[in-house]
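To keep things clear, I will list the structure first and then write my remarks on it.
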Amino acid sequence: MKSSFTNMMGNLNPRERNALIVGGIILGVLLIYTVLWKPFSNKVEKLEHSVQEQRALQQWINTASAEAQRLRATKNTNSAMQNTAGQSLLSLVDQAAKQDRLGTALKRIEPEGAAKVRVWIEQAPFDDVVLWMGNLKDTYGVQVTNVSIDRQGTSALVNARITVEGGAP
């Protein structure tokens with residue numbers, strides 16, 4: 001096979017031989033470019049674009065997180081101001097219990113100092129008690145400082161003694 005190639009090259013004049021060699025080199029360079037370099041270059045461009053998108057997403061998340069923290073702080077401040085804007089902690093706890101379906105289970109509310117209230121709840125659904133405590137914190141800025149919950153038999157009913165603390169009445 002080598003001899004047939006050599007014979008073919010030998011039959012060409014030097015100008016044709018040079019043109020064939022230059023064409024072969026150009027073909028080799030194009031082949032390397034299309035098979036190796038171009039796919040690699042495309043992959044690098046895609047990765048760079050992906051990094052830019054991830055950075056933009058990270059910036060958006062940081063901004064949204066800061067905004068959420070600011071809104072949460074504003075909500076807590078507003079809730080605490082709402083609590084201290086004239087409504088006593090006793091009436092606030094009683095009102096919240098009635099709104100959260102604990103009105104009949106609420107057995108006793110007793111003040112403990114200027115800004116604390118002890119609450120006794122009997123035979124109440126556990127889920128309602130937990131939702132009520134969350135509502136006190138989220139809506140009124142009242143903190144639950146002490147909780148004792150006893151399950152009643154095999155049902156989901158509980159007895160609870162809860163101490164809450166809020167702004168001065």
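In the structure tokens, the first chain shown is A, the next is B, and so on; residue numbers restart at 1 for each chain, and ligands run from 1 in the order shown.
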Can you check which residues of chain A DSSP gives as alpha helix (DSSP H) on the backbone and send them as a VMD selection string? chain A and resid 2 to 11 14 to 32 38 to 84 89 to 99 126 to 140
I'd like the contact shell of Asn146 of chain A - 10 Å cut-off, only C-alpha atoms, skipping same-chain residues fewer than 6 positions apart - returned as a list in words. Arg118, Arg161, Ile162, Thr163, Val164 and Glu165 of chain A
Using backbone DSSP assignments, extract all strand (DSSP E) residues from segment 45-138 of chain A; output them as a VMD selection string. chain A and resid 106 to 111 116 to 125
Which residues are near Asp150 of chain A? Cut-off 9 Å, only C-alpha atoms, ignore same chain within fewer than 6 positions. Put them as a list in words.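 Contacts, with the query itself left out: Leu157, Val158, Asn159, Ala160 and Arg161 of chain A.
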Write out as an MDAnalysis selection string the residues lying within 12 Å of Asn135 of chain A, counting only C-alpha atoms and excluding same-chain residues fewer than 3 positions away. chainID A and resid 79 92:93 95:100 128:132 138:144
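Atom CA of Phe126 of chain A is positioned 8.4 Å from atom CA of Arg151 of chain A.
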What does the structure give for the distance between atom CA of Ala68 of chain A and atom CA of Leu136 of chain A, in Å to one decimal?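 For atom CA of Ala68 of chain A relative to atom CA of Leu136 of chain A, the distance reads 20.3 Å.
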